[in-house]
>>> print(open('data_4.txt').read())   # compact mmCIF, C-alpha atoms
# COMPACT_ATOMS: atom_id res chain seq x y z
CA MET A 1 0.00 0.00 0.00
CA PHE A 2 2.72 2.44 1.03
CA SER A 3 6.07 2.64 -0.68
CA GLU A 4 8.93 2.32 1.80
CA LYS A 5 11.36 3.18 -0.98
CA SER A 6 9.70 6.55 -1.53
CA ALA A 7 8.77 7.22 2.11
CA ALA A 8 11.87 9.34 2.67
CA ALA A 9 10.67 11.63 -0.11
CA GLY A 10 7.65 12.54 2.01
CA VAL A 11 6.06 15.79 0.92
CA THR A 12 8.38 16.03 -2.07
CA PHE A 13 7.23 12.69 -3.50
CA PRO A 14 4.47 14.36 -5.59
CA GLN A 15 5.60 16.35 -8.60
CA GLY A 16 6.46 20.02 -8.14
CA PHE A 17 7.02 20.13 -4.37
CA LYS A 18 10.20 21.12 -2.55
CA ALA A 19 10.91 21.24 1.18
CA ALA A 20 13.53 22.16 3.74
CA GLY A 21 14.19 22.08 7.46
CA VAL A 22 16.78 24.21 9.26
CA LYS A 23 18.08 25.14 12.70
CA ALA A 24 17.07 28.62 13.83
CA GLY A 25 17.75 28.33 17.54
CA ILE A 26 14.09 28.27 18.61
CA LYS A 27 14.25 24.80 20.15
CA LYS A 28 16.29 24.70 23.35
CA SER A 29 17.76 21.44 22.09
CA GLY A 30 19.34 23.20 19.13
CA ASN A 31 17.72 20.74 16.72
CA LEU A 32 15.99 21.53 13.43
CA ASP A 33 13.06 23.86 14.13
CA VAL A 34 11.90 25.70 10.99
CA ALA A 35 10.29 23.85 8.08
CA MET A 36 9.13 25.00 4.68
CA ILE A 37 7.20 23.30 1.87
CA TYR A 38 6.80 24.97 -1.52
CA THR A 39 5.11 24.45 -4.87
CA GLU A 40 5.75 26.91 -7.68
CA LYS A 41 2.47 25.96 -9.32
CA ALA A 42 -0.46 27.22 -7.29
CA ALA A 43 -2.15 24.50 -5.28
CA SER A 44 -5.72 23.98 -4.19
CA ILE A 45 -5.76 24.04 -0.41
CA ALA A 46 -7.87 22.44 2.31
CA GLY A 47 -7.44 22.50 6.05
CA VAL A 48 -8.95 21.30 9.30
CA PHE A 49 -7.95 22.89 12.59
CA THR A 50 -8.35 22.56 16.34
CA THR A 51 -11.81 23.07 17.79
CA ASN A 52 -10.28 24.37 21.01
CA ALA A 53 -11.81 27.79 21.81
CA VAL A 54 -8.28 28.92 22.62
CA ALA A 55 -6.93 28.59 19.09
CA ALA A 56 -3.35 29.68 18.46
CA ALA A 57 -2.50 32.62 16.21
CA PRO A 58 -1.12 30.45 13.36
CA VAL A 59 -4.39 28.53 13.29
CA LEU A 60 -6.39 31.74 12.89
CA VAL A 61 -4.11 32.98 10.11
CA SER A 62 -4.12 29.63 8.29
CA ARG A 63 -7.90 29.45 8.38
CA GLU A 64 -7.90 32.65 6.32
CA THR A 65 -5.55 31.11 3.76
CA VAL A 66 -7.77 28.05 3.44
CA LYS A 67 -10.76 30.30 2.76
CA ASN A 68 -8.84 31.80 -0.17
CA GLY A 69 -8.59 28.34 -1.70
CA VAL A 70 -5.05 28.70 -3.07
CA ALA A 71 -1.61 28.21 -1.55
CA HIS A 72 2.01 28.05 -2.62
CA ALA A 73 3.79 27.37 0.65
CA VAL A 74 3.76 26.12 4.21
CA VAL A 75 6.08 27.50 6.89
CA ALA A 76 6.14 26.01 10.38
CA ASN A 77 8.27 26.16 13.49
CA ALA A 78 8.73 24.03 16.58
CA GLY A 79 9.81 25.17 20.02
CA CYS A 80 7.19 27.88 20.44
CA ALA A 81 3.43 27.40 19.90
CA ASN A 82 2.61 31.12 19.53
CA ALA A 83 -0.60 30.37 21.45
CA CYS A 84 -2.24 32.65 24.03
CA THR A 85 -0.03 35.50 22.80
CA GLY A 86 -2.72 38.05 21.93
CA GLU A 87 -2.26 40.76 19.31
CA VAL A 88 1.50 40.29 19.29
CA GLY A 89 1.02 36.64 18.44
CA MET A 90 -1.34 37.45 15.58
CA ALA A 91 1.11 40.01 14.20
CA ASN A 92 3.94 37.48 14.43
CA ALA A 93 1.90 34.76 12.69
CA ARG A 94 1.08 37.15 9.86
CA LYS A 95 4.74 38.16 9.71
CA MET A 96 5.69 34.51 9.31
CA ALA A 97 3.49 34.33 6.23
CA GLU A 98 4.85 37.60 4.87
CA LEU A 99 8.47 36.54 5.34
CA ALA A 100 7.90 33.19 3.64
CA ALA A 101 5.92 34.78 0.82
CA LYS A 102 8.71 37.27 0.16
CA GLU A 103 11.29 34.49 -0.05
CA VAL A 104 9.37 32.28 -2.48
CA GLY A 105 7.59 35.00 -4.47
CA CYS A 106 3.92 34.57 -3.63
CA ALA A 107 1.26 36.49 -1.70
CA ALA A 108 1.21 36.28 2.08
CA ASN A 109 -2.37 34.96 2.00
CA GLU A 110 -1.08 32.00 -0.03
CA VAL A 111 1.02 30.68 2.86
CA ILE A 112 -0.07 28.24 5.56
CA VAL A 113 1.67 28.88 8.88
CA GLY A 114 2.09 26.52 11.80
CA SER A 115 3.73 26.52 15.22
CA THR A 116 4.15 23.93 17.96
CA GLY A 117 5.84 23.92 21.33
CA ILE A 118 5.46 25.89 24.53
CA ILE A 119 2.17 27.81 24.98
CA GLY A 120 2.16 31.44 26.13
CA VAL A 121 5.55 32.41 24.73
CA ASN A 122 6.11 34.92 21.94
CA LEU A 123 7.96 33.83 18.83
CA PRO A 124 11.60 34.97 18.67
CA MET A 125 11.07 36.78 15.39
CA ASP A 126 14.73 37.56 14.76
CA LYS A 127 15.59 33.85 14.89
CA LEU A 128 12.49 32.89 12.95
CA GLU A 129 13.18 35.40 10.18
CA ALA A 130 16.69 34.05 9.74
CA GLY A 131 15.31 30.50 9.79
CA ILE A 132 12.72 31.23 7.12
CA LYS A 133 15.35 32.77 4.85
CA ALA A 134 17.63 29.78 5.37
CA ALA A 135 14.82 27.30 4.73
CA ALA A 136 13.84 29.07 1.52
CA SER A 137 17.42 28.94 0.29
CA GLU A 138 17.63 25.22 0.98
CA LEU A 139 14.36 24.14 -0.66
CA SER A 140 14.89 20.94 -2.62
CA THR A 141 13.27 17.69 -3.65
CA GLU A 142 15.45 16.03 -1.00
CA GLY A 143 14.29 18.26 1.84
CA SER A 144 11.27 16.43 3.26
CA ARG A 145 13.19 14.52 5.93
CA ASN A 146 14.62 17.72 7.41
CA ALA A 147 11.25 19.44 7.16
CA GLY A 148 9.64 16.58 9.06
CA ASN A 149 12.29 16.66 11.77
CA ALA A 150 11.95 20.43 12.09
CA ILE A 151 8.33 20.23 13.29
CA ILE A 152 8.65 17.49 15.93
CA THR A 153 8.75 18.19 19.67
CA THR A 154 8.46 15.22 22.04
CA ASP A 155 8.04 12.81 19.11
CA THR A 156 10.61 10.05 18.90
CA TYR A 157 10.56 10.34 15.12
CA SER A 158 8.96 12.29 12.29
CA LYS A 159 5.88 10.63 10.83
CA THR A 160 5.95 10.41 7.05
CA CYS A 161 4.40 8.33 4.31
CA THR A 162 3.82 8.28 0.57
CA LEU A 163 1.31 6.66 -1.72
CA GLU A 164 0.78 6.44 -5.48
CA VAL A 165 -2.52 5.63 -7.21
CA GLU A 166 -3.93 5.93 -10.71
CA ILE A 167 -6.67 8.45 -11.42
CA GLY A 168 -8.04 8.78 -14.92
CA GLY A 169 -5.06 6.95 -16.35
CA LYS A 170 -2.56 9.24 -14.64
CA ALA A 171 -0.18 8.38 -11.81
CA VAL A 172 -1.10 10.53 -8.82
CA ARG A 173 1.20 10.83 -5.83
CA PHE A 174 0.63 11.71 -2.18
CA GLY A 175 3.26 12.62 0.39
CA ALA A 176 3.06 13.71 4.01
CA ILE A 177 4.91 14.73 7.14
CA ALA A 178 3.31 14.94 10.56
CA LYS A 179 4.16 15.46 14.21
CA GLY A 180 2.22 14.47 17.27
CA SER A 181 3.07 12.62 20.46
CA GLY A 182 1.38 14.18 23.47
CA MET A 183 -1.71 16.29 24.21
CA ILE A 184 -3.41 13.95 21.76
CA GLN A 185 -7.17 14.08 21.87
CA PRO A 186 -9.71 14.83 19.18
CA ASN A 187 -10.68 16.98 17.75
CA MET A 188 -7.91 16.51 16.44
CA ALA A 189 -4.65 15.93 18.27
CA THR A 190 -1.73 18.17 19.16
CA MET A 191 -0.47 17.71 15.70
CA LEU A 192 0.82 19.41 12.64
CA CYS A 193 0.21 17.42 9.48
CA TYR A 194 1.05 18.59 5.98
CA ILE A 195 0.00 16.52 2.98
CA THR A 196 0.95 17.19 -0.61
CA THR A 197 -0.43 15.70 -3.80
CA ASP A 198 -0.02 16.38 -7.51
CA ALA A 199 -3.68 15.52 -8.14
CA ALA A 200 -5.87 18.04 -9.94
CA ILE A 201 -8.84 18.75 -7.70
CA THR A 202 -10.76 21.88 -6.78
CA SER A 203 -10.30 23.36 -3.33
CA LYS A 204 -14.01 22.76 -2.66
CA MET A 205 -13.80 19.04 -3.34
CA LEU A 206 -10.47 18.81 -1.53
CA GLN A 207 -12.03 20.37 1.56
CA THR A 208 -15.04 18.06 1.32
CA ALA A 209 -12.76 15.02 1.25
CA LEU A 210 -10.48 16.19 4.03
CA SER A 211 -13.28 17.22 6.39
CA ASP A 212 -14.90 13.79 6.06
CA ILE A 213 -11.62 11.90 6.34
CA VAL A 214 -10.45 13.67 9.48
CA GLU A 215 -13.53 12.30 11.27
CA VAL A 216 -12.36 8.71 10.73
CA SER A 217 -8.61 9.24 11.04
CA PHE A 218 -7.14 12.03 13.16
CA ASN A 219 -10.35 12.33 15.19
CA MET A 220 -10.05 8.67 16.14
CA ILE A 221 -6.84 8.83 18.17
CA SER A 222 -6.14 9.62 21.80
CA VAL A 223 -2.99 9.54 23.89
CA ASP A 224 -3.89 11.50 27.00
CA GLY A 225 -7.29 13.15 26.56
CA ASP A 226 -5.95 16.71 26.23
CA MET A 227 -6.81 18.94 23.25
CA SER A 228 -4.19 21.27 21.83
CA THR A 229 -4.46 24.88 20.71
CA ASN A 230 -2.47 24.41 17.50
CA ASP A 231 -3.82 21.32 15.71
CA THR A 232 -3.58 21.65 11.96
CA VAL A 233 -3.90 19.31 9.00
CA ALA A 234 -3.50 20.90 5.58
CA VAL A 235 -3.50 19.41 2.10
CA LEU A 236 -2.00 21.10 -0.97
CA ALA A 237 -2.89 19.77 -4.45
CA ASN A 238 -0.97 21.34 -7.36
CA GLY A 239 -2.48 19.37 -10.26
CA LEU A 240 0.80 18.44 -11.93
CA ALA A 241 -0.24 14.80 -12.29
CA GLY A 242 -2.34 15.91 -15.24
CA ASN A 243 -5.53 14.03 -14.38
CA ALA A 244 -8.85 15.61 -15.35
CA GLU A 245 -9.63 18.04 -12.54
CA ILE A 246 -11.93 16.55 -9.93
CA THR A 247 -14.88 18.91 -9.57
CA GLU A 248 -17.58 16.58 -8.25
CA LYS A 249 -18.13 13.29 -6.50
CA ASN A 250 -17.48 10.73 -9.22
CA ALA A 251 -15.31 7.67 -9.77
CA ASP A 252 -12.11 9.73 -9.80
CA TYR A 253 -13.14 11.42 -6.56
CA GLU A 254 -13.65 8.04 -4.90
CA VAL A 255 -10.14 6.92 -5.85
CA PHE A 256 -8.72 10.20 -4.58
CA TYR A 257 -10.76 10.02 -1.38
CA ASN A 258 -9.68 6.48 -0.58
CA ALA A 259 -6.03 7.31 -1.19
CA LEU A 260 -6.15 10.36 1.08
CA LEU A 261 -7.99 8.28 3.67
CA LYS A 262 -5.21 5.68 3.67
CA VAL A 263 -2.58 8.37 4.16
CA CYS A 264 -4.45 10.04 7.01
CA GLN A 265 -5.26 6.82 8.83
CA GLU A 266 -1.68 5.62 8.52
CA LEU A 267 -0.39 8.89 9.99
CA ALA A 268 -3.03 8.80 12.73
CA LYS A 269 -1.92 5.33 13.79
CA ARG A 270 1.74 6.35 13.81
CA ILE A 271 0.95 9.36 16.00
CA ALA A 272 -0.94 7.21 18.49
CA ALA A 273 1.79 4.57 18.53
CA ASP A 274 4.39 7.26 19.24
CA GLY A 275 2.51 8.68 22.22
CA GLU A 276 4.79 10.17 24.85
CA GLY A 277 6.48 7.33 26.69
CA ALA A 278 4.31 4.73 24.95
CA THR A 279 5.29 1.06 25.10
CA LYS A 280 2.05 -0.32 23.62
CA PHE A 281 -0.03 0.56 20.56
CA LEU A 282 -3.70 -0.11 21.25
CA THR A 283 -6.34 -0.65 18.58
CA ILE A 284 -9.82 -0.48 20.09
CA ASN A 285 -12.58 -1.90 17.90
CA VAL A 286 -16.17 -1.39 19.02
CA ASN A 287 -18.82 -3.28 17.03
CA GLY A 288 -22.54 -3.86 17.28
CA THR A 289 -23.81 -0.39 18.20
CA LYS A 290 -26.80 1.54 16.90
CA SER A 291 -24.64 4.34 15.45
CA PHE A 292 -21.04 5.23 14.61
CA ALA A 293 -21.22 7.97 17.24
CA ASP A 294 -22.13 5.42 19.92
CA ALA A 295 -19.26 3.16 18.93
CA LYS A 296 -16.79 6.05 18.90
CA THR A 297 -17.94 7.26 22.31
CA ILE A 298 -17.43 3.83 23.84
CA ALA A 299 -14.04 3.33 22.18
CA MET A 300 -12.88 6.76 23.33
CA SER A 301 -14.03 6.05 26.87
CA VAL A 302 -11.76 3.02 26.92
CA ALA A 303 -8.89 4.80 25.14
CA LYS A 304 -8.88 7.70 27.59
CA SER A 305 -9.12 5.67 30.79
CA PRO A 306 -5.92 6.05 32.84
CA LEU A 307 -6.68 2.75 34.56
CA VAL A 308 -7.01 0.93 31.24
CA LYS A 309 -3.85 2.54 29.88
CA THR A 310 -1.77 1.74 32.94
CA ALA A 311 -3.04 -1.84 33.00
CA PHE A 312 -1.77 -2.38 29.47
CA PHE A 313 1.55 -0.77 30.38
CA GLY A 314 1.86 -3.27 33.22
CA GLU A 315 0.76 -6.11 30.90
CA ASP A 316 -2.02 -6.84 33.36
CA PRO A 317 -5.07 -8.56 31.74
CA ASN A 318 -7.46 -6.56 33.91
CA TRP A 319 -10.62 -6.73 31.79
CA GLY A 320 -12.60 -5.17 34.65
CA ARG A 321 -11.12 -1.77 33.84
CA VAL A 322 -12.29 -2.05 30.24
CA ILE A 323 -15.86 -3.09 31.05
CA CYS A 324 -16.04 -0.25 33.58
CA ALA A 325 -14.99 2.26 30.90
CA VAL A 326 -17.62 0.83 28.56
CA GLY A 327 -20.24 1.10 31.28
CA TYR A 328 -19.61 4.75 32.13
CA ALA A 329 -19.33 5.89 28.51
CA GLY A 330 -22.95 7.05 28.67
CA ILE A 331 -24.21 4.80 25.89
CA PRO A 332 -27.02 2.36 26.76
CA MET A 333 -25.71 -1.19 26.94
CA VAL A 334 -26.69 -4.70 27.99
CA PRO A 335 -23.80 -6.28 29.92
CA GLU A 336 -25.03 -9.80 29.10
CA LYS A 337 -24.72 -9.02 25.37
CA THR A 338 -21.28 -7.43 25.62
CA VAL A 339 -18.18 -9.42 24.71
CA ILE A 340 -14.60 -8.20 25.24
CA LYS A 341 -11.48 -9.72 23.73
CA PHE A 342 -7.80 -8.91 24.29
CA GLY A 343 -5.62 -10.02 21.39
CA GLY A 344 -8.41 -12.24 20.11
CA ILE A 345 -8.88 -13.98 23.48
CA THR A 346 -12.32 -13.61 25.12
CA VAL A 347 -12.00 -12.17 28.62
CA TYR A 348 -15.61 -11.08 29.28
CA ALA A 349 -18.93 -12.46 28.05
CA ASN A 350 -22.48 -13.02 29.27
CA GLY A 351 -22.00 -10.40 31.99
CA LEU A 352 -19.13 -12.36 33.56
CA GLY A 353 -15.41 -12.86 33.26
CA ALA A 354 -14.68 -15.62 30.76
CA GLU A 355 -12.43 -18.62 31.21
CA PHE A 356 -9.26 -18.24 29.21
CA ASP A 357 -5.74 -19.57 28.84
CA GLU A 358 -3.90 -17.23 31.21
CA GLU A 359 -0.49 -17.98 29.71
CA ALA A 360 -1.74 -17.22 26.19
CA LEU A 361 -3.35 -14.00 27.38
CA ARG A 362 -0.23 -12.79 29.15
CA LYS A 363 1.74 -13.54 26.01
CA ALA A 364 -0.72 -11.43 24.01
CA MET A 365 -0.43 -8.64 26.57
CA ALA A 366 3.36 -8.65 26.16
CA GLU A 367 3.08 -7.69 22.48
CA HIS A 368 3.65 -4.08 21.38
CA ASP A 369 0.51 -4.02 19.21
CA ILE A 370 -2.61 -5.09 21.08
CA VAL A 371 -6.16 -5.23 19.73
CA ILE A 372 -9.12 -4.77 22.08
CA ASP A 373 -12.37 -5.97 20.53
CA ILE A 374 -15.65 -4.92 22.14
CA GLU A 375 -18.90 -6.39 20.80
CA MET A 376 -21.99 -4.59 22.10
CA GLY A 377 -24.63 -6.79 20.42
CA LEU A 378 -27.08 -3.95 19.88
CA GLY A 379 -26.73 -2.96 16.23
CA LYS A 380 -24.61 -3.04 13.08
CA GLU A 381 -22.41 0.06 13.42
CA SER A 382 -18.76 0.14 14.46
CA ALA A 383 -15.76 2.40 15.08
CA THR A 384 -12.03 2.01 15.63
CA VAL A 385 -9.93 4.22 17.88
CA TRP A 386 -6.13 4.09 18.14
CA SER A 387 -4.37 4.81 21.40
CA CYS A 388 -1.44 3.80 23.60
CA ASP A 389 -0.56 2.99 27.18
CA PHE A 390 0.57 5.27 30.02
CA SER A 391 4.09 4.62 31.22
CA TYR A 392 6.40 6.12 33.86
CA GLU A 393 8.09 7.94 30.99
CA TYR A 394 4.88 9.83 30.12
CA VAL A 395 4.89 11.47 33.54
CA LYS A 396 8.59 12.25 33.29
CA ILE A 397 8.27 13.81 29.84
CA ASN A 398 5.37 16.03 30.82
CA GLY A 399 6.83 16.91 34.21
CA GLU A 400 9.97 18.22 32.53
CA TYR A 401 8.48 19.41 29.23
CA HIS A 402 10.55 21.70 27.11
CA THR A 403 11.60 21.73 23.47
>>> encode(input="data_4.txt", output="structure tokens")
Amino acid sequence: MFSEKSAAAGVTFPQGFKAAGVKAGIKKSGNLDVAMIYTEKAASIAGVFTTNAVAAAPVLVSRETVKNGVAHAVVANAGCANACTGEVGMANARKMAELAAKEVGCAANEVIVGSTGIIGVNLPMDKLEAGIKAAASELSTEGSRNAGNAIITTDTYSKTCTLEVEIGGKAVRFGAIAKGSGMIQPNMATMLCYITTDAAITSKMLQTALSDIVEVSFNMISVDGDMSTNDTVAVLANGLAGNAEITEKNADYEVFYNALLKVCQELAKRIAADGEGATKFLTINVNGTKSFADAKTIAMSVAKSPLVKTAFFGEDPNWGRVICAVGYAGIPMVPEKTVIKFGGITVYANGLGAEFDEEALRKAMAEHDIVIDIEMGLGKESATVWSCDFSYEYVKINGEYHT
């Protein structure tokens, strides 16, 4: 499905895109901290942002760019979130766009801006300006790896993937970089995600696809139940693949939609698996509900439970914590119809704990990837949420957080 050979290309895998990542001295670590993505050919743009009422300045500025429907560039920094910074923060976010636009030769309202890091701190504009100039000078088709590393904070690695499909007889490519590790809770997660494609599609149809896809990808992950101020996922489509422009929901749109869905779900899973201090990647499948919303609510209740998450960290097959989380989710249930499985092994059924091979279950609990299946027996709808465990390291990281 995904090409490992082209994965390193990331956002520069599609035709016409260049990227760069540089050190500007914004991160205390001294690591890469300013990223830029650029397409000379104007791209259709779509974006989905945090629903937190305390939205960061770059989110507010980028929403305006998305409304314009056209973009040439993305510029993002790590080490400072530029959130809760008032009028100064808004001015600095706009200045980011202006500086990037000047360097690449486009209008400021054709630039998506992003920031991640500490909340309540003003951007060091002298460092950022130098970083933007350096990033623009280093733009290349080999620059995606550095761009991806420039936006990470507590991540252990930069999330990236690529995909190629055929639309209307033309090869269409997708590439992406994303960051996200903590403060992960829909809608969406504390994440920056930038996706590029050389597909020809209108901004309207691109936005339609992305808005729907986010609901079943980035809005289906949780690490710690906290919602960020800076969440951003943006897609740029420059049309260089040469397919007939997608202007409506037709066969070509379906192929495009499914490809973008695969990219977003893959990135979502990688973000959840790389949760701060995570030692387990949890896939929570809820089936047999009356609606998707019911299934999602139940799955999220389990995913966000500290007792569930710590049990899986300790490799303790404590199914009681899971059934409790199902029970307090607020969705009507019948305990006698509910079945819970860990790693395919039934641990709860008929309102009681089930008999199981304890050795086999403990072996399943020792795996990194663990699937929790919950059958409600009340309908035909389902939902899948991706999450992780809580470890000692999670507390340490967040008790000493800095970038």
>>> residues_around(input="data_4.txt", residues="range 58-72 of chain A", least_positions_apart="3", cutoff="7 Å", atoms="only C-alpha atoms", output="list in words")
Tyr38, Thr39, Glu40, Ala42, Ala43, Ser44, Ile45, Ala46, Gly47, Phe49, Ala55, Ala93, Arg94, Cys106, Asn109, Glu110, Val111, Ile112, Val113, Gly114, Ser115, Ser203 and Asn230 of chain A
>>> atom_distance(input="data_4.txt", atom1="CA of Gly327 in chain A", atom2="CA of Ile298 in chain A")
8.4 Å
>>> closest_residue(input="data_4.txt", among="A:Gly143, A:Pro306, A:Gly351, A:Pro317", to="Ala20 in chain A", atoms="only C-alpha atoms")
A:Gly143
>>> closest_residue(input="data_4.txt", among="A:Met36, A:Met205, A:Ala299, A:Leu378", to="Glu245 in chain A", atoms="only C-alpha atoms")
A:Met205
>>> residues_around(input="data_4.txt", residues="range 265-281 of chain A", least_positions_apart="6", cutoff="8 Å", atoms="all atoms listed in the file", output="PyMOL selection string")
chain A and resi 154-156+159-161+178-182+184+216-218+220-223+312-313+367-370+386-394+397
>>> closest_residue(input="data_4.txt", among="A:Ser211, A:Asn122, A:Thr162, A:Ser29", to="Thr85 in chain A", atoms="all atoms listed in the file")
A:Asn122
>>> atom_distance(input="data_4.txt", atom1="CA of Val172 in chain A", atom2="CA of Ala136 in chain A")
26.0 Å
>>> closest_atom_pairs(input="data_4.txt", of="range 48-146 of chain A", to="range 8-15 of chain A", cutoff="8 Å", atoms="all atoms listed in the file", output="JSON lines")
{"residue": "A:Thr141", "atom": "CA", "partner": "A:Thr12", "partner_atom": "CA", "distance": 5.4}
{"residue": "A:Glu142", "atom": "CA", "partner": "A:Ala9", "partner_atom": "CA", "distance": 6.6}
{"residue": "A:Gly143", "atom": "CA", "partner": "A:Thr12", "partner_atom": "CA", "distance": 7.4}
{"residue": "A:Ser144", "atom": "CA", "partner": "A:Gly10", "partner_atom": "CA", "distance": 5.5}
{"residue": "A:Arg145", "atom": "CA", "partner": "A:Ala8", "partner_atom": "CA", "distance": 6.3}
>>> atom_distance(input="data_4.txt", atom1="CA of Val326 in chain A", atom2="CA of Lys363 in chain A")
24.2 Å
>>> closest_residue(input="data_4.txt", among="A:Gly30, A:Gly343, A:Tyr348, A:Glu336", to="Arg321 in chain A", atoms="only C-alpha atoms")
A:Tyr348
>>> closest_residue(input="data_4.txt", among="A:Asp33, A:Glu375, A:Glu103, A:Asp294", to="Ile340 in chain A", atoms="all atoms listed in the file")
A:Glu375
>>> closest_residue(input="data_4.txt", among="A:Val385, A:Ala311, A:Leu261, A:Ala56", to="Ile213 in chain A", atoms="all atoms listed in the file")
A:Leu261
>>> residues_around(input="data_4.txt", residues="Ala100 in chain A", least_positions_apart="2", cutoff="8 Å", atoms="only C-alpha atoms", output="MDAnalysis selection string")
chainID A and resid 73 75 96:98 102:104 108 111 132:133 136
>>> write_last_selection(input="data_4.txt", atoms="C-alpha atoms", output="CSV table (one decimal), keeping the file's coordinate frame")
chain,number,residue,atom,x,y,z
A,73,ALA,CA,3.8,27.4,0.6
A,75,VAL,CA,6.1,27.5,6.9
A,96,MET,CA,5.7,34.5,9.3
A,97,ALA,CA,3.5,34.3,6.2
A,98,GLU,CA,4.8,37.6,4.9
A,102,LYS,CA,8.7,37.3,0.2
A,103,GLU,CA,11.3,34.5,0.0
A,104,VAL,CA,9.4,32.3,-2.5
A,108,ALA,CA,1.2,36.3,2.1
A,111,VAL,CA,1.0,30.7,2.9
A,132,ILE,CA,12.7,31.2,7.1
A,133,LYS,CA,15.4,32.8,4.8
A,136,ALA,CA,13.8,29.1,1.5
>>> residues_around(input="data_4.txt", residues="Asp357 in chain A", least_positions_apart="5", cutoff="12 Å", atoms="all atoms listed in the file", output="ChimeraX atom specification")
/A:317,342,344-347,362-364
>>> write_last_selection(input="data_4.txt", atoms="C-alpha atoms", output="mmCIF file, in the coordinates of the input")
data_model
loop_
_atom_site.group_PDB
_atom_site.id
_atom_site.type_symbol
_atom_site.label_atom_id
_atom_site.label_comp_id
_atom_site.auth_asym_id
_atom_site.auth_seq_id
_atom_site.Cartn_x
_atom_site.Cartn_y
_atom_site.Cartn_z
ATOM 1 C CA PRO A 317 -5.070 -8.560 31.740
ATOM 2 C CA PHE A 342 -7.800 -8.910 24.290
ATOM 3 C CA GLY A 344 -8.410 -12.240 20.110
ATOM 4 C CA ILE A 345 -8.880 -13.980 23.480
ATOM 5 C CA THR A 346 -12.320 -13.610 25.120
ATOM 6 C CA VAL A 347 -12.000 -12.170 28.620
ATOM 7 C CA ARG A 362 -0.230 -12.790 29.150
ATOM 8 C CA LYS A 363 1.740 -13.540 26.010
ATOM 9 C CA ALA A 364 -0.720 -11.430 24.010
#
>>> residues_around(input="data_4.txt", residues="Ser382 in chain A", least_positions_apart="5", cutoff="7 Å", atoms="all atoms listed in the file", output="number ranges by chain")
A: 286-289, 292, 295
>>> residues_near_point(input="data_4.txt", point="(-0.2, 8.2, -6.8)", cutoff="10 Å", atoms="all atoms listed in the file", output="PyMOL selection string")
chain A and resi 13-14+162-167+170-175+197-199+241+256+259
>>> write_last_selection(input="data_4.txt", atoms="C-alpha atoms", output="PDB file, in the frame of the given file")
ATOM      1  CA  PHE A  13       7.230  12.690  -3.500  1.00  0.00           C
ATOM      2  CA  PRO A  14       4.470  14.360  -5.590  1.00  0.00           C
ATOM      3  CA  THR A 162       3.820   8.280   0.570  1.00  0.00           C
ATOM      4  CA  LEU A 163       1.310   6.660  -1.720  1.00  0.00           C
ATOM      5  CA  GLU A 164       0.780   6.440  -5.480  1.00  0.00           C
ATOM      6  CA  VAL A 165      -2.520   5.630  -7.210  1.00  0.00           C
ATOM      7  CA  GLU A 166      -3.930   5.930 -10.710  1.00  0.00           C
ATOM      8  CA  ILE A 167      -6.670   8.450 -11.420  1.00  0.00           C
ATOM      9  CA  LYS A 170      -2.560   9.240 -14.640  1.00  0.00           C
ATOM     10  CA  ALA A 171      -0.180   8.380 -11.810  1.00  0.00           C
ATOM     11  CA  VAL A 172      -1.100  10.530  -8.820  1.00  0.00           C
ATOM     12  CA  ARG A 173       1.200  10.830  -5.830  1.00  0.00           C
ATOM     13  CA  PHE A 174       0.630  11.710  -2.180  1.00  0.00           C
ATOM     14  CA  GLY A 175       3.260  12.620   0.390  1.00  0.00           C
ATOM     15  CA  THR A 197      -0.430  15.700  -3.800  1.00  0.00           C
ATOM     16  CA  ASP A 198      -0.020  16.380  -7.510  1.00  0.00           C
ATOM     17  CA  ALA A 199      -3.680  15.520  -8.140  1.00  0.00           C
ATOM     18  CA  ALA A 241      -0.240  14.800 -12.290  1.00  0.00           C
ATOM     19  CA  PHE A 256      -8.720  10.200  -4.580  1.00  0.00           C
ATOM     20  CA  ALA A 259      -6.030   7.310  -1.190  1.00  0.00           C
TER      21      ALA A 259
END
>>> decode(input="data_4.txt", residues="range 144-150 of chain A", atoms="N, CA and C atoms", output="PDB file, in the first residue's frame")
ATOM      1  N   SER A 144      12.408  16.807   2.422  1.00  0.00           N
ATOM      2  CA  SER A 144      11.274  16.430   3.262  1.00  0.00           C
ATOM      3  C   SER A 144      11.694  15.886   4.621  1.00  0.00           C
ATOM      4  N   ARG A 145      12.758  15.103   4.656  1.00  0.00           N
ATOM      5  CA  ARG A 145      13.191  14.517   5.926  1.00  0.00           C
ATOM      6  C   ARG A 145      13.522  15.608   6.945  1.00  0.00           C
ATOM      7  N   ASN A 146      14.278  16.625   6.503  1.00  0.00           N
ATOM      8  CA  ASN A 146      14.621  17.715   7.415  1.00  0.00           C
ATOM      9  C   ASN A 146      13.388  18.519   7.803  1.00  0.00           C
ATOM     10  N   ALA A 147      12.478  18.709   6.854  1.00  0.00           N
ATOM     11  CA  ALA A 147      11.245  19.439   7.164  1.00  0.00           C
ATOM     12  C   ALA A 147      10.448  18.693   8.235  1.00  0.00           C
ATOM     13  N   GLY A 148      10.360  17.386   8.089  1.00  0.00           N
ATOM     14  CA  GLY A 148       9.636  16.584   9.062  1.00  0.00           C
ATOM     15  C   GLY A 148      10.274  16.640  10.438  1.00  0.00           C
ATOM     16  N   ASN A 149      11.595  16.596  10.482  1.00  0.00           N
ATOM     17  CA  ASN A 149      12.292  16.655  11.766  1.00  0.00           C
ATOM     18  C   ASN A 149      12.222  18.039  12.397  1.00  0.00           C
ATOM     19  N   ALA A 150      11.996  19.060  11.575  1.00  0.00           N
ATOM     20  CA  ALA A 150      11.948  20.434  12.090  1.00  0.00           C
ATOM     21  C   ALA A 150      10.643  20.759  12.801  1.00  0.00           C
TER      22      ALA A 150
END
